[in-house]
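Q: Input file: query11.cif. Contents: mmCIF, C-alpha atoms.
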```cif
data_run
#
loop_
_atom_site.label_atom_id
_atom_site.label_comp_id
_atom_site.auth_asym_id
_atom_site.auth_seq_id
_atom_site.Cartn_x
_atom_site.Cartn_y
_atom_site.Cartn_z
CA MET T 1 30.22 -13.60 20.83
CA ILE T 2 30.10 -9.88 20.29
CA THR T 3 30.87 -7.35 22.98
CA LEU T 4 29.28 -3.94 22.98
CA PHE T 5 28.55 -1.12 25.37
CA ILE T 6 25.04 -0.09 26.22
CA ASP T 7 24.84 2.98 28.44
CA ASN T 8 28.53 2.42 29.27
CA GLN T 9 27.86 -1.10 30.48
CA LYS T 10 29.70 -3.92 28.79
CA VAL T 11 27.65 -6.80 27.47
CA ALA T 12 28.49 -9.88 25.42
CA VAL T 13 25.81 -11.37 23.18
CA LYS T 14 25.57 -13.77 20.28
CA GLU T 15 25.89 -12.56 16.73
CA GLY T 16 22.56 -11.65 15.21
CA THR T 17 21.06 -10.36 18.43
CA THR T 18 19.05 -7.17 18.28
CA LEU T 19 19.90 -4.17 20.42
CA LEU T 20 16.63 -4.61 22.25
CA LYS T 21 17.54 -8.13 23.33
CA ALA T 22 21.02 -7.06 24.32
CA SER T 23 19.61 -4.27 26.49
CA GLU T 24 17.20 -6.72 28.01
CA LYS T 25 20.17 -8.78 29.13
CA LEU T 26 21.48 -5.79 31.03
CA GLY T 27 18.10 -5.06 32.46
CA ILE T 28 17.73 -1.82 30.56
CA GLU T 29 14.15 -1.16 29.65
CA ILE T 30 13.34 0.23 26.23
CA PRO T 31 9.70 1.08 25.55
CA THR T 32 8.09 -0.70 22.61
CA LEU T 33 4.65 -0.92 21.09
CA CYS T 34 5.00 -2.85 17.85
CA TYR T 35 7.39 -5.49 19.17
CA HIS T 36 6.33 -8.98 20.13
CA GLU T 37 8.57 -11.86 21.07
CA GLY T 38 6.86 -14.38 18.86
CA LEU T 39 7.20 -12.24 15.76
CA PRO T 40 10.10 -10.98 13.72
CA PRO T 41 10.90 -7.31 14.43
CA TYR T 42 9.09 -4.75 12.33
CA GLY T 43 10.20 -1.29 13.43
CA ALA T 44 6.89 0.45 12.91
CA CYS T 45 6.35 2.46 16.08
CA ARG T 46 9.93 3.78 16.38
CA LEU T 47 9.44 4.05 20.11
CA CYS T 48 12.48 1.87 20.78
CA VAL T 49 14.77 4.42 19.15
CA VAL T 50 18.33 4.48 20.55
CA GLU T 51 21.46 6.43 19.73
CA ILE T 52 24.58 4.77 18.40
CA ILE T 53 27.78 6.72 18.91
CA GLY T 54 29.62 6.91 15.63
CA GLU T 55 33.04 8.20 14.67
CA LYS T 56 31.75 11.29 12.94
CA LYS T 57 28.08 11.32 13.61
CA ASN T 58 25.72 9.60 15.99
CA ARG T 59 22.95 7.52 14.49
CA MET T 60 19.40 7.04 15.60
CA VAL T 61 18.15 3.49 15.05
CA ALA T 62 15.24 1.30 16.09
CA ALA T 63 16.58 -1.06 18.75
CA CYS T 64 14.05 -3.76 17.99
CA SER T 65 15.36 -4.36 14.49
CA PHE T 66 18.99 -3.25 14.69
CA LEU T 67 21.58 -5.98 15.12
CA VAL T 68 24.55 -5.69 17.43
CA ASP T 69 28.06 -5.06 16.14
CA GLU T 70 31.49 -5.48 17.70
CA GLY T 71 32.49 -2.57 19.92
CA MET T 72 29.27 -0.69 19.37
CA LYS T 73 28.47 2.09 21.81
CA VAL T 74 24.79 2.63 22.40
CA LEU T 75 22.89 5.19 24.42
CA THR T 76 19.34 4.35 25.37
CA ILE T 77 18.46 7.42 27.44
CA SER T 78 20.36 10.28 25.88
CA ASP T 79 18.72 13.69 25.45
CA ARG T 80 18.30 13.11 21.77
CA VAL T 81 16.66 9.72 22.29
CA LEU T 82 14.27 11.06 24.91
CA LYS T 83 13.38 14.04 22.78
CA ARG T 84 12.52 11.82 19.86
CA ARG T 85 10.59 9.35 21.94
CA ARG T 86 8.62 12.14 23.50
CA MET T 87 7.73 13.42 20.06
CA ILE T 88 6.51 10.01 18.94
CA VAL T 89 4.42 9.58 22.07
CA GLU T 90 2.98 13.03 21.64
CA PHE T 91 1.86 12.16 18.13
CA LEU T 92 0.41 8.89 19.33
CA LEU T 93 -1.37 10.66 22.16
CA ALA T 94 -2.92 13.08 19.71
CA ARG T 95 -4.13 10.13 17.68
CA CYS T 96 -5.43 8.00 20.53
CA PRO T 97 -5.94 10.13 23.67
CA ASP T 98 -8.07 7.55 25.43
CA ILE T 99 -5.84 4.51 25.17
CA LYS T 100 -4.34 3.43 28.45
CA ALA T 101 -1.08 2.11 27.03
CA ILE T 102 -0.43 5.44 25.32
CA ARG T 103 -1.56 7.46 28.33
CA ASP T 104 0.84 5.56 30.58
CA LEU T 105 3.70 6.22 28.21
CA ALA T 106 2.81 9.89 28.07
CA ASP T 107 2.61 10.13 31.84
CA LYS T 108 6.02 8.53 32.15
CA MET T 109 7.47 11.06 29.77
CA GLY T 110 5.70 13.98 31.32
CA ILE T 111 3.41 14.82 28.44
CA LYS T 112 0.12 16.17 29.68
CA LYS T 113 -1.53 17.31 26.52
CA PRO T 114 -0.46 16.92 22.91
CA ARG T 115 0.13 20.11 21.00
CA PHE T 116 -1.64 18.70 17.97
CA LYS T 117 -5.23 18.36 16.98
CA THR T 118 -6.53 15.27 18.72
CA LYS T 119 -8.38 12.49 17.02
CA ASN T 120 -10.21 9.79 18.82
CA LEU T 121 -8.89 6.59 17.33
CA ASP T 122 -7.78 3.44 19.06
CA CYS T 123 -5.51 1.83 16.47
CA ILE T 124 -1.91 3.03 16.20
CA LEU T 125 -1.21 1.00 13.02
CA CYS T 126 1.66 -0.93 14.57
CA GLY T 127 0.79 -3.89 12.35
CA LEU T 128 1.07 -6.53 15.06
CA CYS T 129 -2.37 -7.97 14.36
CA VAL T 130 -1.70 -8.07 10.62
CA ARG T 131 1.62 -9.80 11.15
CA VAL T 132 0.38 -12.35 13.64
CA CYS T 133 -2.49 -13.25 11.32
CA ASN T 134 -0.22 -13.47 8.31
CA GLU T 135 3.02 -14.85 9.65
CA VAL T 136 2.14 -16.90 12.68
CA ALA T 137 -1.37 -18.11 11.99
CA GLY T 138 -0.71 -18.16 8.26
CA ILE T 139 -4.22 -17.01 7.51
CA GLY T 140 -4.13 -13.45 6.23
CA ALA T 141 -7.65 -12.45 7.21
CA ILE T 142 -6.82 -8.84 8.01
CA GLY T 143 -4.44 -6.39 6.46
CA PHE T 144 -3.73 -2.77 5.77
CA VAL T 145 -6.26 -1.09 3.54
CA ASN T 146 -5.98 2.29 1.78
CA ARG T 147 -2.97 4.45 2.38
CA GLY T 148 -1.67 7.58 4.03
CA LYS T 149 -4.26 9.33 6.12
CA LYS T 150 -6.89 6.72 5.35
CA LEU T 151 -4.74 3.72 6.22
CA LYS T 152 -6.47 1.28 8.49
CA VAL T 153 -6.58 -2.38 9.41
CA ASP T 154 -9.53 -4.06 7.82
CA THR T 155 -10.88 -7.21 6.21
CA PRO T 156 -11.40 -7.48 2.44
CA PHE T 157 -14.35 -5.31 1.36
CA HIS T 158 -15.04 -4.51 5.01
CA LEU T 159 -17.02 -7.72 5.31
CA ALA T 160 -16.75 -10.54 7.81
CA SER T 161 -13.79 -12.57 6.61
CA ASP T 162 -14.42 -16.09 5.41
CA VAL T 163 -10.88 -17.28 6.12
CA CYS T 164 -10.62 -16.06 9.73
CA ILE T 165 -10.46 -18.96 12.18
CA GLY T 166 -11.40 -16.85 15.16
CA CYS T 167 -8.19 -17.62 17.02
CA GLY T 168 -8.16 -14.19 18.61
CA ALA T 169 -4.41 -13.74 18.21
CA CYS T 170 -4.89 -10.26 16.73
CA SER T 171 -6.79 -9.19 19.78
CA PHE T 172 -4.16 -10.79 22.02
CA VAL T 173 -1.18 -8.95 20.54
CA CYS T 174 -2.90 -5.58 20.12
CA PRO T 175 -1.10 -3.12 22.41
CA THR T 176 -3.98 -0.67 22.55
CA GLY T 177 -6.97 -2.95 22.72
CA ALA T 178 -8.32 -1.71 19.41
CA ILE T 179 -9.31 -5.21 18.39
CA GLU T 180 -11.73 -6.90 20.70
CA MET T 181 -12.71 -10.52 20.61
CA GLU T 182 -16.41 -11.20 20.41
CA LEU T 183 -17.60 -13.64 22.98
CA ASP T 184 -19.59 -15.69 20.54
CA ALA T 185 -17.19 -15.30 17.62
CA VAL T 186 -16.87 -18.96 16.75
CA LYS T 187 -20.61 -19.52 17.08
CA ARG T 188 -21.19 -16.62 14.72
CA PHE T 189 -18.67 -18.07 12.30
CA ARG T 190 -20.67 -21.26 12.21
CA GLU T 191 -23.82 -19.34 11.44
CA LEU T 192 -21.98 -17.46 8.74
CA LEU T 193 -19.88 -20.15 7.14
CA GLY T 194 -21.79 -23.29 7.84
CA ILE T 195 -21.85 -26.06 10.34
CA GLU T 196 -18.57 -27.65 9.29
CA HIS T 197 -16.60 -24.70 10.67
CA LYS T 198 -14.49 -26.10 13.44
CA CYS T 199 -13.46 -24.99 16.90
CA ARG T 200 -10.60 -22.49 16.80
CA TYR T 201 -8.31 -24.81 18.67
CA SER T 202 -8.80 -27.55 16.18
CA LEU T 203 -8.20 -25.06 13.37
CA MET T 204 -4.99 -24.05 15.08
CA GLY T 205 -4.00 -27.67 15.18
CA LEU T 206 -4.04 -27.90 18.95
CA VAL T 207 -7.05 -30.10 19.51
CA SER T 208 -7.88 -33.28 17.69
CA TYR T 209 -11.50 -33.80 18.66
CA LYS T 210 -14.05 -32.48 16.24
CA VAL T 211 -17.20 -31.91 18.25
CA CYS T 212 -17.33 -29.23 20.91
CA SER T 213 -19.13 -30.12 24.11
CA ASN T 214 -19.93 -26.47 24.81
CA ASN T 215 -21.88 -25.99 21.58
CA TYR T 216 -19.18 -23.65 20.30
CA GLU T 217 -19.83 -21.07 22.94
CA CYS T 218 -16.23 -20.18 23.60
CA TRP T 219 -16.88 -18.15 26.70
CA ARG T 220 -17.93 -21.35 28.45
CA CYS T 221 -14.86 -23.20 27.25
CA LYS T 222 -12.53 -24.26 30.02
CA VAL T 223 -9.82 -25.27 27.60
CA ASP T 224 -9.59 -21.68 26.47
CA GLN T 225 -8.51 -20.18 29.76
CA ARG T 226 -6.40 -23.13 30.77
CA ILE T 227 -4.39 -23.04 27.58
CA ARG T 228 -3.66 -19.37 28.11
CA ASP T 229 -2.71 -19.91 31.73
CA SER T 230 -0.43 -22.81 31.01
CA LEU T 231 1.36 -21.25 28.05
CA ALA T 232 1.39 -17.69 29.36
CA THR T 233 0.89 -16.58 25.77
CA HIS T 234 -1.64 -16.93 23.02
CA PRO T 235 -1.95 -20.56 21.88
CA ILE T 236 -1.27 -19.58 18.28
CA PHE T 237 2.36 -18.93 19.16
CA ALA T 238 2.62 -22.37 20.64
CA ALA T 239 0.79 -24.04 17.81
CA LYS T 240 2.50 -22.54 14.83
CA LYS T 241 5.85 -21.17 15.79
CA ILE T 242 7.43 -22.55 18.89
CA LYS T 243 6.87 -26.18 18.05
CA THR T 244 9.15 -27.60 20.68
CA GLU T 245 8.91 -27.43 24.41
CA LYS T 246 5.77 -25.44 24.82
CA VAL T 247 3.75 -27.61 22.48
CA ASN T 248 4.91 -30.78 24.21
CA GLN T 249 4.05 -29.15 27.46
CA TYR T 250 0.68 -28.32 26.08
CA PHE T 251 0.02 -31.82 24.83
CA SER T 252 0.81 -33.36 28.17
CA PHE T 253 -1.44 -30.77 29.74
CA LEU T 254 -4.19 -31.56 27.29
CA LYS T 255 -3.94 -35.25 28.01
CA LYS T 256 -4.42 -34.45 31.65
CA ILE T 257 -7.58 -32.46 31.18
CA GLN T 258 -9.02 -34.91 28.69
CA GLU T 259 -8.67 -37.83 31.07
CA MET F 1 -21.36 -7.03 -15.76
CA GLU F 2 -20.87 -10.62 -14.87
CA VAL F 3 -17.41 -11.90 -14.16
CA GLU F 4 -16.45 -14.93 -16.15
CA GLU F 5 -14.04 -17.12 -14.30
CA LEU F 6 -12.40 -18.43 -17.44
CA LYS F 7 -11.75 -14.97 -18.78
CA VAL F 8 -10.05 -13.89 -15.58
CA LYS F 9 -8.04 -17.09 -15.36
CA LYS F 10 -6.86 -16.64 -18.92
CA ARG F 11 -5.48 -13.26 -17.99
CA ILE F 12 -3.72 -14.71 -14.98
CA LYS F 13 -2.29 -17.50 -17.10
CA LYS F 14 -0.75 -14.90 -19.37
CA TYR F 15 1.65 -14.17 -16.52
CA ASN F 16 2.33 -17.85 -15.73
CA ASN F 17 0.45 -17.61 -12.42
CA GLU F 18 3.32 -15.62 -10.97
CA LYS F 19 2.72 -13.75 -7.75
CA LYS F 20 4.91 -10.86 -8.74
CA ALA F 21 2.65 -10.09 -11.68
CA LEU F 22 -0.24 -9.15 -9.39
CA ILE F 23 -0.38 -5.50 -10.38
CA SER F 24 -0.23 -6.32 -14.08
CA ILE F 25 -3.02 -8.83 -13.66
CA LEU F 26 -5.15 -6.32 -11.78
CA GLN F 27 -4.50 -3.77 -14.52
CA ASP F 28 -5.64 -6.27 -17.13
CA ILE F 29 -8.78 -7.06 -15.20
CA GLN F 30 -9.52 -3.38 -14.80
CA GLU F 31 -9.09 -2.91 -18.54
CA GLU F 32 -11.67 -5.59 -19.14
CA TYR F 33 -14.32 -4.51 -16.64
CA ASN F 34 -13.38 -0.87 -16.12
CA TYR F 35 -13.10 -1.61 -12.41
CA LEU F 36 -12.06 -4.47 -10.13
CA PRO F 37 -15.06 -6.69 -9.42
CA PRO F 38 -14.89 -8.50 -6.04
CA GLU F 39 -15.46 -11.86 -7.72
CA ALA F 40 -12.47 -11.33 -9.98
CA LEU F 41 -10.26 -10.49 -6.99
CA LYS F 42 -11.34 -13.71 -5.33
CA ILE F 43 -10.40 -15.68 -8.42
CA VAL F 44 -7.00 -13.96 -8.52
CA SER F 45 -6.52 -14.73 -4.83
CA LYS F 46 -7.21 -18.40 -5.41
CA SER F 47 -5.12 -18.80 -8.54
CA LEU F 48 -2.08 -16.95 -7.24
CA ASP F 49 -2.39 -18.30 -3.69
CA ILE F 50 -2.24 -14.83 -2.19
CA PRO F 51 -4.57 -13.94 0.72
CA LEU F 52 -7.50 -11.87 -0.51
CA ILE F 53 -6.64 -9.10 1.91
CA ASP F 54 -3.23 -8.60 0.32
CA ILE F 55 -4.83 -8.16 -3.08
CA PHE F 56 -7.42 -5.86 -1.56
CA GLY F 57 -4.61 -3.90 0.05
CA VAL F 58 -2.89 -3.41 -3.30
CA ALA F 59 -6.17 -2.50 -4.97
CA THR F 60 -6.93 0.16 -2.38
CA PHE F 61 -3.35 1.45 -2.23
CA TYR F 62 -3.04 2.53 -5.85
CA ARG F 63 -5.33 5.18 -7.18
CA THR F 64 -5.40 3.59 -10.63
CA PHE F 65 -7.53 0.79 -9.29
CA SER F 66 -11.17 1.32 -8.65
CA LEU F 67 -13.39 -1.01 -6.67
CA LYS F 68 -16.49 0.86 -7.71
CA PRO F 69 -17.90 0.34 -11.21
CA ARG F 70 -16.71 3.11 -13.48
CA GLY F 71 -18.30 4.66 -16.51
CA LYS F 72 -17.46 3.91 -20.11
CA HIS F 73 -15.27 6.98 -20.38
CA LEU F 74 -12.87 8.12 -17.70
CA ILE F 75 -12.32 11.86 -17.54
CA THR F 76 -9.27 12.92 -15.57
CA VAL F 77 -8.80 16.60 -14.86
CA CYS F 78 -5.30 17.64 -13.86
CA LEU F 79 -5.10 19.79 -10.75
CA GLY F 80 -1.32 19.91 -10.47
CA THR F 81 0.35 23.20 -9.67
CA ALA F 82 0.77 24.35 -13.27
CA CYS F 83 -2.73 23.30 -14.33
CA HIS F 84 -4.13 24.78 -11.14
CA VAL F 85 -2.61 28.15 -11.94
CA ARG F 86 -3.93 28.01 -15.47
CA GLY F 87 -7.48 27.30 -14.36
CA GLY F 88 -7.72 23.55 -13.77
CA PRO F 89 -10.22 23.91 -10.89
CA LYS F 90 -12.53 25.98 -13.10
CA ILE F 91 -12.50 23.24 -15.72
CA LEU F 92 -13.26 20.66 -13.07
CA GLU F 93 -16.19 22.79 -11.89
CA GLU F 94 -17.48 22.96 -15.45
CA PHE F 95 -17.28 19.17 -15.81
CA LYS F 96 -19.04 18.75 -12.49
CA ARG F 97 -21.78 21.14 -13.56
CA LYS F 98 -22.25 19.62 -17.01
CA LEU F 99 -22.24 16.01 -15.80
CA ASN F 100 -24.02 16.81 -12.55
CA ILE F 101 -21.61 14.66 -10.50
CA LYS F 102 -18.79 15.23 -8.04
CA ALA F 103 -15.18 14.29 -8.59
CA GLY F 104 -14.75 10.54 -8.15
CA GLU F 105 -18.33 9.79 -9.14
CA THR F 106 -19.95 8.23 -12.17
CA THR F 107 -22.93 9.52 -14.12
CA LYS F 108 -26.16 7.58 -13.75
CA ASP F 109 -26.09 6.37 -17.35
CA MET F 110 -22.62 4.86 -16.66
CA ARG F 111 -21.11 6.89 -19.46
CA PHE F 112 -18.65 9.16 -17.66
CA THR F 113 -16.53 8.95 -14.54
CA LEU F 114 -14.90 12.13 -13.33
CA GLU F 115 -11.58 12.01 -11.52
CA THR F 116 -8.81 14.38 -10.58
CA VAL F 117 -5.09 13.89 -10.70
CA ALA F 118 -2.20 15.80 -9.17
CA CYS F 119 0.08 16.39 -12.17
CA LEU F 120 0.52 14.31 -15.29
CA GLY F 121 3.98 15.59 -16.06
CA CYS F 122 3.02 17.59 -19.11
CA CYS F 123 2.63 21.00 -17.49
CA ALA F 124 3.59 22.83 -20.68
CA ILE F 125 0.31 21.96 -22.37
CA GLY F 126 -1.91 22.62 -19.33
CA PRO F 127 -4.59 22.74 -18.24
CA VAL F 128 -4.77 19.09 -19.20
CA VAL F 129 -7.82 16.87 -19.39
CA VAL F 130 -7.35 13.19 -20.19
CA VAL F 131 -10.22 11.16 -21.52
CA ASP F 132 -9.61 7.43 -21.98
CA GLY F 133 -5.88 8.06 -22.32
CA ASN F 134 -6.27 10.82 -24.90
CA TYR F 135 -4.71 14.08 -23.79
CA HIS F 136 -6.59 17.30 -24.37
CA SER F 137 -4.24 20.24 -24.07
CA GLN F 138 -4.87 23.86 -23.17
CA THR F 139 -8.46 23.23 -22.30
CA SER F 140 -10.79 25.98 -21.22
CA ILE F 141 -14.37 26.18 -20.03
CA GLY F 142 -15.35 26.58 -23.67
CA THR F 143 -13.76 23.33 -24.78
CA VAL F 144 -15.40 21.20 -22.06
CA ASP F 145 -18.57 20.97 -24.09
CA SER F 146 -16.82 19.83 -27.24
CA ILE F 147 -14.85 17.19 -25.34
CA LEU F 148 -18.03 15.80 -23.83
CA LYS F 149 -19.82 15.89 -27.17
CA LYS F 150 -17.06 13.88 -28.78
CA TYR F 151 -17.35 11.07 -26.24
CA ARG F 152 -21.11 11.20 -25.81
CA LYS F 153 -21.53 9.84 -29.30
CA LYS F 154 -19.16 6.92 -28.76
#
```
I need this file expressed as structure tokens, please.
A:
Amino acid sequence: MITLFIDNQKVAVKEGTTLLKASEKLGIEIPTLCYHEGLPPYGACRLCVVEIIGEKKNRMVAACSFLVDEGMKVLTISDRVLKRRRMIVEFLLARCPDIKAIRDLADKMGIKKPRFKTKNLDCILCGLCVRVCNEVAGIGAIGFVNRGKKLKVDTPFHLASDVCIGCGACSFVCPTGAIEMELDAVKRFRELLGIEHKCRYSLMGLVSYKVCSNNYECWRCKVDQRIRDSLATHPIFAAKKIKTEKVNQYFSFLKKIQE
Amino acid sequence: MEVEELKVKKRIKKYNNEKKALISILQDIQEEYNYLPPEALKIVSKSLDIPLIDIFGVATFYRTFSLKPRGKHLITVCLGTACHVRGGPKILEEFKRKLNIKAGETTKDMRFTLETVACLGCCAIGPVVVVDGNYHSQTSIGTVDSILKKYRKK
């Protein structure tokens, strides 16, 4: 166990815990955009920045990806931290002025209008969708394309991807709602890729039956909503990563609804 | 130009199907076709077991790689600070006028592609124009014609 001080409160956590998790234990809230529990930390949005008191100089680090150390003293709401967070949110607000998640953050921090030229985008390039597709689903249908100013999340050649299974995990993790799931996505996949394209749940390895009784119209699918309700997360996290309790839970649940 | 699967695979084999050789493989393919054909990228994706989007990401990240077909000769005009001061933009204008294309475009007869670069590291001999890897030093509006003439024949 490692003991450290977060905002002058003592906390003991296991080795290898991130500062974000340690703060969570104390009930201290740190804002995040690019962090998701089912994924390894990435540190893209820098919103979770905290200050570590050092001997000579204080350091600014991303709490989501910084591991705890013995005797560490951390400040999560110092002037410097707030100033930096405000700056980040202001930049994000200039990029996506219409996104609710960003607006809420700005309101909390008292930013009314960004000082910068506003664009009207909805993606903040946090990379969550890319990571969930790559690391959890293991598909790699979307990724970052171009660089610098032109960087965006896209499919190869800007065409409908032929490897996408339509699981909708990218849309689920997106903090800004930039990726929307089409209602008839799977049906469209079947038109595009042929009749042998399976239901997304069977592609995720969650369902064993091969023929869909709803004619692949996912919006009519009862399994869809029930899976989400019972797991309280996107099924992809249950299917691919957390292969213990939640999946067992799911299978017993599935047996129930199949009977 | 049609992409031959065997030809591409041979180039991948040269690097023992290693994932880390991706950029070298893409460079080799570009050398062969003058650009990166989508079919070739798909073959690379399959042989190296890398998602196509990752290869596409690399191909769009680096300016060396082109996803559009390029002309037989690639003209690169340096617009770095030193070349800029010595009249690089004027030379670019002259190329644009003579070839009747914009920077980044290819002539209709697929002979020339015009591109710009921000410094080649040889500022002493500027303004620099590179055609197919051959450096032309201290170019001026007057020499544009002779450079084009030289490569028009080839």
Q: Would you mind listing, as a ChimeraX atom specification, all residues of chain T that have at least one atom within 6 Å of chain F, where all atoms listed in the file are what counts?
A: /T:140,143-147,156
Q: Enumerate, as a PDB file with C-alpha atoms, keeping the file's coordinate frame, the protein, DNA and RNA residues whose atoms approach (-17.7, 18.3, -13.0) to within 12 Å, taking into account only C-alpha atoms and the coordinate frame of the file.
A:
```pdb
ATOM      1  CA  ILE F  75     -12.320  11.860 -17.540  1.00  0.00           C
ATOM      2  CA  THR F  76      -9.270  12.920 -15.570  1.00  0.00           C
ATOM      3  CA  VAL F  77      -8.800  16.600 -14.860  1.00  0.00           C
ATOM      4  CA  GLY F  88      -7.720  23.550 -13.770  1.00  0.00           C
ATOM      5  CA  PRO F  89     -10.220  23.910 -10.890  1.00  0.00           C
ATOM      6  CA  LYS F  90     -12.530  25.980 -13.100  1.00  0.00           C
ATOM      7  CA  ILE F  91     -12.500  23.240 -15.720  1.00  0.00           C
ATOM      8  CA  LEU F  92     -13.260  20.660 -13.070  1.00  0.00           C
ATOM      9  CA  GLU F  93     -16.190  22.790 -11.890  1.00  0.00           C
ATOM     10  CA  GLU F  94     -17.480  22.960 -15.450  1.00  0.00           C
ATOM     11  CA  PHE F  95     -17.280  19.170 -15.810  1.00  0.00           C
ATOM     12  CA  LYS F  96     -19.040  18.750 -12.490  1.00  0.00           C
ATOM     13  CA  ARG F  97     -21.780  21.140 -13.560  1.00  0.00           C
ATOM     14  CA  LYS F  98     -22.250  19.620 -17.010  1.00  0.00           C
ATOM     15  CA  LEU F  99     -22.240  16.010 -15.800  1.00  0.00           C
ATOM     16  CA  ASN F 100     -24.020  16.810 -12.550  1.00  0.00           C
ATOM     17  CA  ILE F 101     -21.610  14.660 -10.500  1.00  0.00           C
ATOM     18  CA  LYS F 102     -18.790  15.230  -8.040  1.00  0.00           C
ATOM     19  CA  ALA F 103     -15.180  14.290  -8.590  1.00  0.00           C
ATOM     20  CA  GLY F 104     -14.750  10.540  -8.150  1.00  0.00           C
ATOM     21  CA  GLU F 105     -18.330   9.790  -9.140  1.00  0.00           C
ATOM     22  CA  THR F 106     -19.950   8.230 -12.170  1.00  0.00           C
ATOM     23  CA  THR F 107     -22.930   9.520 -14.120  1.00  0.00           C
ATOM     24  CA  PHE F 112     -18.650   9.160 -17.660  1.00  0.00           C
ATOM     25  CA  THR F 113     -16.530   8.950 -14.540  1.00  0.00           C
ATOM     26  CA  LEU F 114     -14.900  12.130 -13.330  1.00  0.00           C
ATOM     27  CA  GLU F 115     -11.580  12.010 -11.520  1.00  0.00           C
ATOM     28  CA  THR F 116      -8.810  14.380 -10.580  1.00  0.00           C
ATOM     29  CA  VAL F 129      -7.820  16.870 -19.390  1.00  0.00           C
ATOM     30  CA  ILE F 141     -14.370  26.180 -20.030  1.00  0.00           C
ATOM     31  CA  VAL F 144     -15.400  21.200 -22.060  1.00  0.00           C
ATOM     32  CA  ASP F 145     -18.570  20.970 -24.090  1.00  0.00           C
ATOM     33  CA  LEU F 148     -18.030  15.800 -23.830  1.00  0.00           C
TER      34      LEU F 148
END
```
Q: Please report the interatomic distance between CA of Ile2 (chain T) and CA of Gly16 (chain T) in Å with one decimal.
A: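 Between these atoms lies a distance of 9.3 Å.
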Q: Apply the PyMOL selection byres ((chain T and resi 77) around 10) to the displayed file and report the matching residues as a PDB file with C-alpha atoms, in the coordinates of the input.
A:
```pdb
ATOM      1  CA  ASP T   7      24.840   2.980  28.440  1.00  0.00           C
ATOM      2  CA  ILE T  28      17.730  -1.820  30.560  1.00  0.00           C
ATOM      3  CA  GLU T  29      14.150  -1.160  29.650  1.00  0.00           C
ATOM      4  CA  ILE T  30      13.340   0.230  26.230  1.00  0.00           C
ATOM      5  CA  VAL T  49      14.770   4.420  19.150  1.00  0.00           C
ATOM      6  CA  VAL T  50      18.330   4.480  20.550  1.00  0.00           C
ATOM      7  CA  GLU T  51      21.460   6.430  19.730  1.00  0.00           C
ATOM      8  CA  VAL T  74      24.790   2.630  22.400  1.00  0.00           C
ATOM      9  CA  LEU T  75      22.890   5.190  24.420  1.00  0.00           C
ATOM     10  CA  THR T  76      19.340   4.350  25.370  1.00  0.00           C
ATOM     11  CA  SER T  78      20.360  10.280  25.880  1.00  0.00           C
ATOM     12  CA  ASP T  79      18.720  13.690  25.450  1.00  0.00           C
ATOM     13  CA  ARG T  80      18.300  13.110  21.770  1.00  0.00           C
ATOM     14  CA  VAL T  81      16.660   9.720  22.290  1.00  0.00           C
ATOM     15  CA  LEU T  82      14.270  11.060  24.910  1.00  0.00           C
ATOM     16  CA  LYS T  83      13.380  14.040  22.780  1.00  0.00           C
ATOM     17  CA  ARG T  85      10.590   9.350  21.940  1.00  0.00           C
TER      18      ARG T  85
END
```
Q: Can you list, as an MDAnalysis selection string, the residues that the PyMOL selection byres ((chain F and resi 44) around 9) selects here?
A: chainID F and resid 8:9 12 22 25:26 39:43 45:50 52 55
Q: Is it possible to get the axis-aligned box enclosing region 20-26 of chain F (all listed atoms, 8 Å extra per side) as AutoDock Vina command-line options, with centre and edge lengths in Å rounded to one decimal?
A:
```
--center_x -0.1 --center_y -8.2 --center_z -11.4 --size_x 26.1 --size_y 21.4 --size_z 21.3
```
Q: Can you tell me how far CA of Val128 (chain F) sits from CA of Ile147 (chain F), in Å to one decimal?
A: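 Going from CA of Val128 (chain F) over to CA of Ile147 (chain F) covers 12.0 Å.
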Q: So how many Å separate CA of Lys56 (chain T) and CA of Met72 (chain T), to one decimal?
A: 13.8 Å
Q: Run the PyMOL selection byres ((chain T and resi 121) around 10) on the file and write out the hits as a compact mmCIF listing (two decimals) with C-alpha atoms, keeping the file's coordinate frame.
A:
```txt
# COMPACT_ATOMS: atom_id res chain seq x y z
CA LEU T 92 0.41 8.89 19.33
CA LEU T 93 -1.37 10.66 22.16
CA ALA T 94 -2.92 13.08 19.71
CA ARG T 95 -4.13 10.13 17.68
CA CYS T 96 -5.43 8.00 20.53
CA PRO T 97 -5.94 10.13 23.67
CA ASP T 98 -8.07 7.55 25.43
CA ILE T 99 -5.84 4.51 25.17
CA THR T 118 -6.53 15.27 18.72
CA LYS T 119 -8.38 12.49 17.02
CA ASN T 120 -10.21 9.79 18.82
CA ASP T 122 -7.78 3.44 19.06
CA CYS T 123 -5.51 1.83 16.47
CA ILE T 124 -1.91 3.03 16.20
CA ALA T 178 -8.32 -1.71 19.41
```
Q: Extract, using all atoms listed in the file, all DNA, RNA and protein residues at most 9 Å from Phe66 (chain T), discarding same-chain residues fewer than 2 positions from it, and format them as a list in words.
A: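 Everything that qualifies: Thr17, Thr18, Leu19, Leu20, Val61, Ala62, Ala63, Cys64 and Val68 of chain T.
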Q: Can you list, as a PyMOL selection string, every protein, DNA or RNA residue that comes within 10 Å of Pro175 (chain T) when you count all atoms listed in the file, leaving out same-chain residues fewer than 5 positions away?
A: chain T and resi 32-36+99-102+122-124+126+128-129+170
Q: Can you tell me, as a list in words, what residues are no more than 9 Å from Cys119 (chain F) when counting all atoms listed in the file, ignoring any on the same chain fewer than 5 positions away?
A: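 My reading of the contact set: Cys78, Leu79, Gly80, Thr81, Ala82, Cys83 and Val128 of chain F.
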